[in-house]
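File shown here: final16.cif, holding mmCIF, C-alpha atoms.
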data_data
#
loop_
_atom_site.label_atom_id
_atom_site.label_comp_id
_atom_site.auth_asym_id
_atom_site.auth_seq_id
_atom_site.Cartn_x
_atom_site.Cartn_y
_atom_site.Cartn_z
CA GLY W 276 0.00 0.00 0.00
CA ALA W 277 0.82 3.73 0.05
CA VAL W 278 1.82 4.13 -3.57
CA VAL W 279 2.21 7.58 -5.08
CA SER W 280 2.68 8.15 -8.78
CA GLN W 281 3.80 11.18 -10.75
CA HIS W 282 3.35 12.02 -14.35
CA PRO W 283 5.30 12.75 -16.42
CA SER W 284 8.54 11.26 -15.14
CA TRP W 285 10.52 13.69 -17.25
CA VAL W 286 9.70 16.62 -19.49
CA ILE W 287 11.63 18.99 -21.70
CA CYS W 288 9.98 22.26 -22.59
CA LYS W 289 10.88 25.57 -24.15
CA SER W 290 11.34 28.71 -22.14
CA GLY W 291 8.07 30.59 -21.68
CA THR W 292 5.79 27.58 -21.85
CA SER W 293 3.86 26.05 -18.96
CA VAL W 294 4.21 22.52 -17.67
CA LYS W 295 1.75 20.56 -15.56
CA ILE W 296 2.89 17.75 -13.27
CA GLU W 297 0.40 15.33 -11.73
CA CYS W 298 0.73 13.57 -8.40
CA ARG W 299 -1.64 10.74 -7.53
CA SER W 300 -2.09 8.58 -4.46
CA LEU W 301 -3.07 5.24 -5.92
CA ASP W 302 -4.31 3.26 -2.97
CA PHE W 303 -5.16 5.74 -0.24
CA GLN W 304 -6.82 9.07 0.23
CA ALA W 305 -4.23 11.79 0.63
CA THR W 306 -5.61 14.57 2.78
CA THR W 307 -2.35 16.47 2.43
CA MET W 308 0.09 16.59 -0.44
CA PHE W 309 3.48 18.26 -0.63
CA TRP W 310 5.58 19.54 -3.48
CA TYR W 311 9.36 19.57 -3.23
CA ARG W 312 12.11 20.71 -5.55
CA GLN W 313 15.62 19.31 -5.59
CA PHE W 314 18.55 20.82 -7.46
CA PRO W 315 21.60 18.64 -8.18
CA LYS W 316 23.58 17.72 -5.07
CA GLN W 317 21.20 19.68 -2.87
CA SER W 318 18.53 18.72 -0.40
CA LEU W 319 14.82 18.56 -1.04
CA MET W 320 13.25 21.95 -0.54
CA LEU W 321 9.58 22.11 0.35
CA MET W 322 7.73 24.39 -2.05
CA ALA W 323 4.18 24.11 -0.79
CA THR W 324 1.70 22.09 1.20
CA SER W 325 -1.81 21.51 -0.06
CA ASN W 326 -4.91 20.12 1.57
CA GLU W 327 -7.74 18.76 -0.50
CA GLY W 328 -10.22 21.43 -1.42
CA SER W 329 -8.31 24.38 -0.05
CA LYS W 330 -5.59 26.73 -1.23
CA ALA W 331 -1.99 25.62 -0.99
CA THR W 332 0.35 27.06 1.60
CA TYR W 333 3.57 28.19 -0.03
CA GLU W 334 6.97 28.33 1.60
CA GLN W 335 8.77 31.62 1.82
CA GLY W 336 10.39 32.56 -1.46
CA VAL W 337 8.17 30.37 -3.63
CA GLU W 338 6.04 32.38 -6.06
CA LYS W 339 2.48 31.16 -5.88
CA ASP W 340 1.58 32.75 -9.21
CA LYS W 341 4.41 30.91 -10.91
CA PHE W 342 3.89 27.53 -9.28
CA LEU W 343 0.17 26.86 -9.38
CA ILE W 344 -1.00 24.03 -7.18
CA ASN W 345 -4.40 22.41 -7.34
CA HIS W 346 -5.56 19.68 -4.97
CA ALA W 347 -9.03 19.05 -6.29
CA SER W 348 -9.51 15.54 -4.97
CA LEU W 349 -8.19 13.25 -2.26
CA THR W 350 -6.09 11.38 -4.79
CA LEU W 351 -4.80 14.05 -7.14
CA SER W 352 -2.70 17.18 -6.86
CA THR W 353 -1.20 19.10 -9.77
CA LEU W 354 1.70 21.52 -9.97
CA THR W 355 1.83 23.84 -12.96
CA VAL W 356 5.06 25.67 -13.64
CA THR W 357 3.95 28.73 -15.57
CA SER W 358 6.19 30.59 -18.01
CA ALA W 359 9.04 28.23 -17.29
CA HIS W 360 12.64 29.44 -17.47
CA PRO W 361 15.90 27.50 -17.54
CA GLU W 362 16.42 28.20 -13.83
CA ASP W 363 13.22 26.25 -13.14
CA SER W 364 14.94 23.11 -14.41
CA SER W 365 14.96 20.75 -11.46
CA PHE W 366 13.70 17.50 -9.99
CA TYR W 367 10.17 17.99 -8.68
CA ILE W 368 8.93 15.45 -6.16
CA CYS W 369 5.52 15.19 -4.59
CA SER W 370 4.57 13.35 -1.45
CA ALA W 371 1.26 12.44 0.06
CA SER W 372 0.07 11.87 3.57
CA GLY W 373 -3.15 10.79 5.15
CA LEU W 374 -2.76 7.07 5.62
CA ALA W 375 -4.37 5.97 8.88
CA GLY W 376 -3.94 9.42 10.43
CA SER W 377 -0.15 9.19 10.26
CA TYR W 378 2.15 12.09 9.45
CA GLU W 379 4.36 9.84 7.35
CA GLN W 380 4.86 11.10 3.81
CA TYR W 381 4.95 8.77 0.84
CA PHE W 382 6.96 10.07 -2.06
CA GLY W 383 6.24 9.94 -5.75
CA PRO W 384 9.03 8.95 -8.16
CA GLY W 385 9.69 12.55 -9.15
CA THR W 386 9.54 14.53 -12.37
CA ARG W 387 12.69 15.83 -14.00
CA LEU W 388 12.00 19.13 -15.72
CA THR W 389 14.41 20.60 -18.23
CA VAL W 390 13.65 24.02 -19.65
CA THR W 391 15.62 24.93 -22.75
CA ARG O 199 23.55 27.87 10.04
CA LYS O 200 21.48 25.25 8.23
CA GLU O 201 18.60 23.70 10.14
CA VAL O 202 19.85 20.20 9.38
CA GLU O 203 23.50 19.61 8.59
CA GLN O 204 25.19 16.52 7.25
CA ASP O 205 28.67 15.68 6.07
CA PRO O 206 28.20 15.56 2.28
CA GLY O 207 30.88 12.92 1.80
CA PRO O 208 31.29 11.02 -0.36
CA PHE O 209 32.18 8.08 1.78
CA ASN O 210 34.01 5.42 -0.23
CA VAL O 211 34.15 2.12 1.65
CA PRO O 212 34.86 -1.51 0.73
CA GLU O 213 32.21 -4.19 1.01
CA GLY O 214 31.88 -5.46 4.55
CA ALA O 215 33.01 -2.20 6.14
CA THR O 216 31.17 -0.36 8.88
CA VAL O 217 30.32 3.24 8.14
CA ALA O 218 28.73 5.93 10.30
CA PHE O 219 26.91 9.08 9.26
CA ASN O 220 26.29 12.06 11.48
CA CYS O 221 23.67 14.75 11.41
CA THR O 222 23.05 17.81 13.57
CA TYR O 223 19.90 19.90 13.83
CA SER O 224 19.45 23.41 15.12
CA ASN O 225 15.85 23.49 16.36
CA SER O 226 15.67 22.14 19.89
CA ALA O 227 11.90 21.81 19.52
CA SER O 228 12.30 19.12 16.87
CA GLN O 229 10.19 16.10 17.66
CA SER O 230 10.67 13.41 15.06
CA PHE O 231 13.75 12.18 13.28
CA PHE O 232 14.26 9.93 10.30
CA TRP O 233 16.83 8.56 7.94
CA TYR O 234 15.85 8.32 4.28
CA ARG O 235 17.72 6.74 1.45
CA GLN O 236 17.77 8.30 -2.01
CA ASP O 237 19.16 6.57 -5.06
CA CYS O 238 20.36 8.60 -8.00
CA ARG O 239 17.49 10.29 -9.82
CA LYS O 240 14.95 8.57 -7.60
CA GLU O 241 12.62 9.67 -4.83
CA PRO O 242 13.65 9.38 -1.16
CA LYS O 243 12.52 6.28 0.67
CA LEU O 244 12.16 5.95 4.41
CA LEU O 245 14.96 3.83 5.84
CA MET O 246 14.10 4.11 9.51
CA SER O 247 12.73 6.38 12.19
CA VAL O 248 15.07 7.41 14.99
CA TYR O 249 14.01 7.09 18.60
CA SER O 250 15.58 8.45 21.76
CA SER O 251 16.33 4.95 22.95
CA GLY O 252 18.09 4.13 19.70
CA ASN O 253 16.85 1.55 17.30
CA GLU O 254 18.22 -1.17 15.11
CA ASP O 255 16.97 -2.74 11.92
CA GLY O 256 19.21 -5.50 10.67
CA ARG O 257 22.54 -3.96 9.71
CA PHE O 258 21.33 -0.43 10.39
CA THR O 259 21.43 1.29 13.77
CA ALA O 260 20.14 4.79 14.45
CA GLN O 261 20.89 6.89 17.50
CA LEU O 262 19.52 10.19 18.76
CA ASN O 263 21.15 12.52 21.25
CA ARG O 264 18.69 15.29 22.08
CA ALA O 265 21.06 17.12 24.40
CA SER O 266 23.63 17.49 21.63
CA GLN O 267 20.97 17.72 18.88
CA TYR O 268 22.71 14.97 17.02
CA ILE O 269 21.55 11.93 15.06
CA SER O 270 23.63 9.09 13.71
CA LEU O 271 23.23 6.16 11.36
CA LEU O 272 25.54 3.16 11.49
CA ILE O 273 25.70 0.64 8.67
CA ARG O 274 27.45 -2.62 9.40
CA ASP O 275 28.73 -5.13 6.85
CA SER O 276 28.20 -2.74 3.93
CA LYS O 277 26.80 -4.17 0.72
CA LEU O 278 27.21 -2.86 -2.81
CA SER O 279 23.46 -2.18 -2.77
CA ASP O 280 23.89 0.24 0.13
CA SER O 281 25.44 2.76 -2.27
CA ALA O 282 23.09 5.74 -2.19
CA THR O 283 22.61 9.14 -0.60
CA TYR O 284 21.40 9.06 2.99
CA LEU O 285 19.18 11.93 4.06
CA CYS O 286 18.74 13.05 7.64
CA VAL O 287 15.21 14.37 8.15
CA VAL O 288 13.90 16.32 11.11
CA SER O 289 10.34 17.25 11.93
CA THR O 290 9.26 19.93 14.37
CA GLY O 291 5.80 18.47 14.54
CA GLY O 292 2.99 17.65 12.22
CA PHE O 293 4.08 18.00 8.63
CA LYS O 294 6.89 20.51 9.13
CA THR O 295 9.80 18.50 7.77
CA ILE O 296 13.36 19.60 7.02
CA PHE O 297 15.68 17.50 4.86
CA GLY O 298 19.43 17.51 5.17
CA ALA O 299 21.48 17.76 1.99
CA GLY O 300 22.44 14.10 2.27
CA THR O 301 25.60 12.07 2.62
CA ARG O 302 26.72 10.06 -0.39
CA LEU O 303 27.96 6.53 0.14
CA PHE O 304 29.83 4.41 -2.38
CA VAL O 305 30.45 0.80 -1.45
CA LYS O 306 33.13 -0.86 -3.59
CA ALA O 307 33.71 -4.51 -4.31
#
Starting from the coordinates I provided, produce the structure as structure tokens.
Amino acid sequence: GAVVSQHPSWVICKSGTSVKIECRSLDFQATTMFWYRQFPKQSLMLMATSNEGSKATYEQGVEKDKFLINHASLTLSTLTVTSAHPEDSSFYICSASGLAGSYEQYFGPGTRLTVT
Amino acid sequence: RKEVEQDPGPFNVPEGATVAFNCTYSNSASQSFFWYRQDCRKEPKLLMSVYSSGNEDGRFTAQLNRASQYISLLIRDSKLSDSATYLCVVSTGGFKTIFGAGTRLFVKA
């Protein structure tokens, strides 16, 4: 149990375009989902926390208008990188929580975004 | 000062060696502690939680020293498959989770 999927696993896009990444909890209802970003040889940095049906809470320094998060159902959250630039190239990882009232986070396999 | 600090390594050890990783955290209010393992270009996976009394899972032993705000992970009898980055993770409660930058381990035949 506790499987989280992400789609796509990798994407290459041109500067100025928008990219949507999906995060799904496959076998449990995720009341809370998290979006992280990881640059090479650096730690995971939390971007935002989202609860189903409410607005996401963004970490300091993360532009909410650039990184649009939607958590419309208990099994799906999406992150849209709007007007992507090369500096947005990174490994984006989602995690989900909500299994049996635990705070444990289950991570998706990540999405590698390259903006050219 | 970073909230969670780890020696980045890399640690290069032969198979069968014992290796120890250290981690320090700055927030004395931290409540939960974990070690995660991350393989190259993969998501982190929970290796073990760390308890005040220390805990062991097979070849892996985790220790917590709250007074010194220090966490350790000991790997005995290293295997080639242990090669990965080990992330120290600290939570101040609820979902507030801070990841260390990770320590890279290479186990050689």
Picked residues, the PyMOL selection byres ((chain W and resi 387) around 9), expected as an NGL selection string: (:W and (283-287 or 364-368 or 385-386 or 388-389)) or (:O and (239))
Contacts of Glu241 of chain O at 10 Å or less, counting all atoms listed in the file, minus same-chain residues fewer than 2 places along, as an MDAnalysis selection string? (chainID W and resid 319 366:370 381:386) or (chainID O and resid 234:239 243:244)
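Atom pair atom CA of Phe232 of chain O / atom CA of Ser289 of chain O has a distance of 8.5 Å (rounded to one decimal).
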Set out as JSON lines a contact list for chain O and chain W with a cut-off of 9 Å, giving each residue of chain O that qualifies its closest atom pair and distance in Å to one decimal, counting only C-alpha atoms, ordered by chain and rising residue number.
{"residue": "O:Pro206", "atom": "CA", "partner": "W:Lys316", "partner_atom": "CA", "distance": 8.9}
{"residue": "O:Arg239", "atom": "CA", "partner": "W:Phe366", "partner_atom": "CA", "distance": 8.1}
{"residue": "O:Lys240", "atom": "CA", "partner": "W:Pro384", "partner_atom": "CA", "distance": 6.0}
{"residue": "O:Glu241", "atom": "CA", "partner": "W:Pro384", "partner_atom": "CA", "distance": 4.9}
{"residue": "O:Pro242", "atom": "CA", "partner": "W:Phe382", "partner_atom": "CA", "distance": 6.8}
{"residue": "O:Lys243", "atom": "CA", "partner": "W:Phe382", "partner_atom": "CA", "distance": 7.3}
{"residue": "O:Leu244", "atom": "CA", "partner": "W:Tyr381", "partner_atom": "CA", "distance": 8.5}
{"residue": "O:Leu285", "atom": "CA", "partner": "W:Ser318", "partner_atom": "CA", "distance": 8.1}
{"residue": "O:Gly291", "atom": "CA", "partner": "W:Tyr378", "partner_atom": "CA", "distance": 8.9}
{"residue": "O:Gly292", "atom": "CA", "partner": "W:Tyr378", "partner_atom": "CA", "distance": 6.3}
{"residue": "O:Phe293", "atom": "CA", "partner": "W:Tyr378", "partner_atom": "CA", "distance": 6.3}
{"residue": "O:Thr295", "atom": "CA", "partner": "W:Leu321", "partner_atom": "CA", "distance": 8.3}
{"residue": "O:Ile296", "atom": "CA", "partner": "W:Met320", "partner_atom": "CA", "distance": 7.9}
{"residue": "O:Phe297", "atom": "CA", "partner": "W:Leu319", "partner_atom": "CA", "distance": 6.1}
{"residue": "O:Gly298", "atom": "CA", "partner": "W:Ser318", "partner_atom": "CA", "distance": 5.8}
{"residue": "O:Ala299", "atom": "CA", "partner": "W:Ser318", "partner_atom": "CA", "distance": 3.9}
{"residue": "O:Gly300", "atom": "CA", "partner": "W:Ser318", "partner_atom": "CA", "distance": 6.6}
How would you write, as a PyMOL selection string, the residues chosen by the PyMOL selection byres ((chain O and resi 216-221) around 7) on this structure? chain O and resi 202-205+214-215+222-223+268-276+286
Given the point (30.1, -1.4, -0.8) in the coordinates of this file, which residues lie within 7 Å, counting all atoms listed in the file, and how would they look as a PyMOL selection string? chain O and resi 211-214+276-281+304-307
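Using all atoms listed in the file, the residues found no farther than 9 Å from Ser325 of chain W, other than those of its own chain fewer than 4 positions away, are Thr306, Thr307, Met308, Phe309, Trp310, Ser329, Lys330, Ala331, Thr332, Tyr333, Ile344, Asn345, His346 and Ser352 of chain W.
The interatomic distance for the pair atom CA of Asp363 of chain W and atom CA of Glu334 of chain W works out to 16.1 Å.
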Which of W:Val390, W:Val356, W:Val278, W:Met322 sits closest to Cys298 of chain W [using all atoms listed in the file]: W:Val278
Shell of 6 Å around Arg299 of chain W, only C-alpha atoms, local chain residues under 6 positions omitted, as a short mmCIF file (atom, residue, chain, number, x, y, z; two decimals) with C-alpha atoms, in the frame of the given file:
data_model
loop_
_atom_site.label_atom_id
_atom_site.label_comp_id
_atom_site.auth_asym_id
_atom_site.auth_seq_id
_atom_site.Cartn_x
_atom_site.Cartn_y
_atom_site.Cartn_z
CA VAL W 279 2.21 7.58 -5.08
CA SER W 280 2.68 8.15 -8.78
CA THR W 350 -6.09 11.38 -4.79
CA LEU W 351 -4.80 14.05 -7.14
#
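Between atom CA of Glu327 of chain W and atom CA of Gln304 of chain W the separation is 9.8 Å.
Note on the selection: in this file the PyMOL selection byres ((chain O and resi 229) around 8) comes out as O:Ala227, O:Ser228, O:Ser230, O:Phe231, O:Val288, O:Ser289, O:Thr290, O:Gly291.
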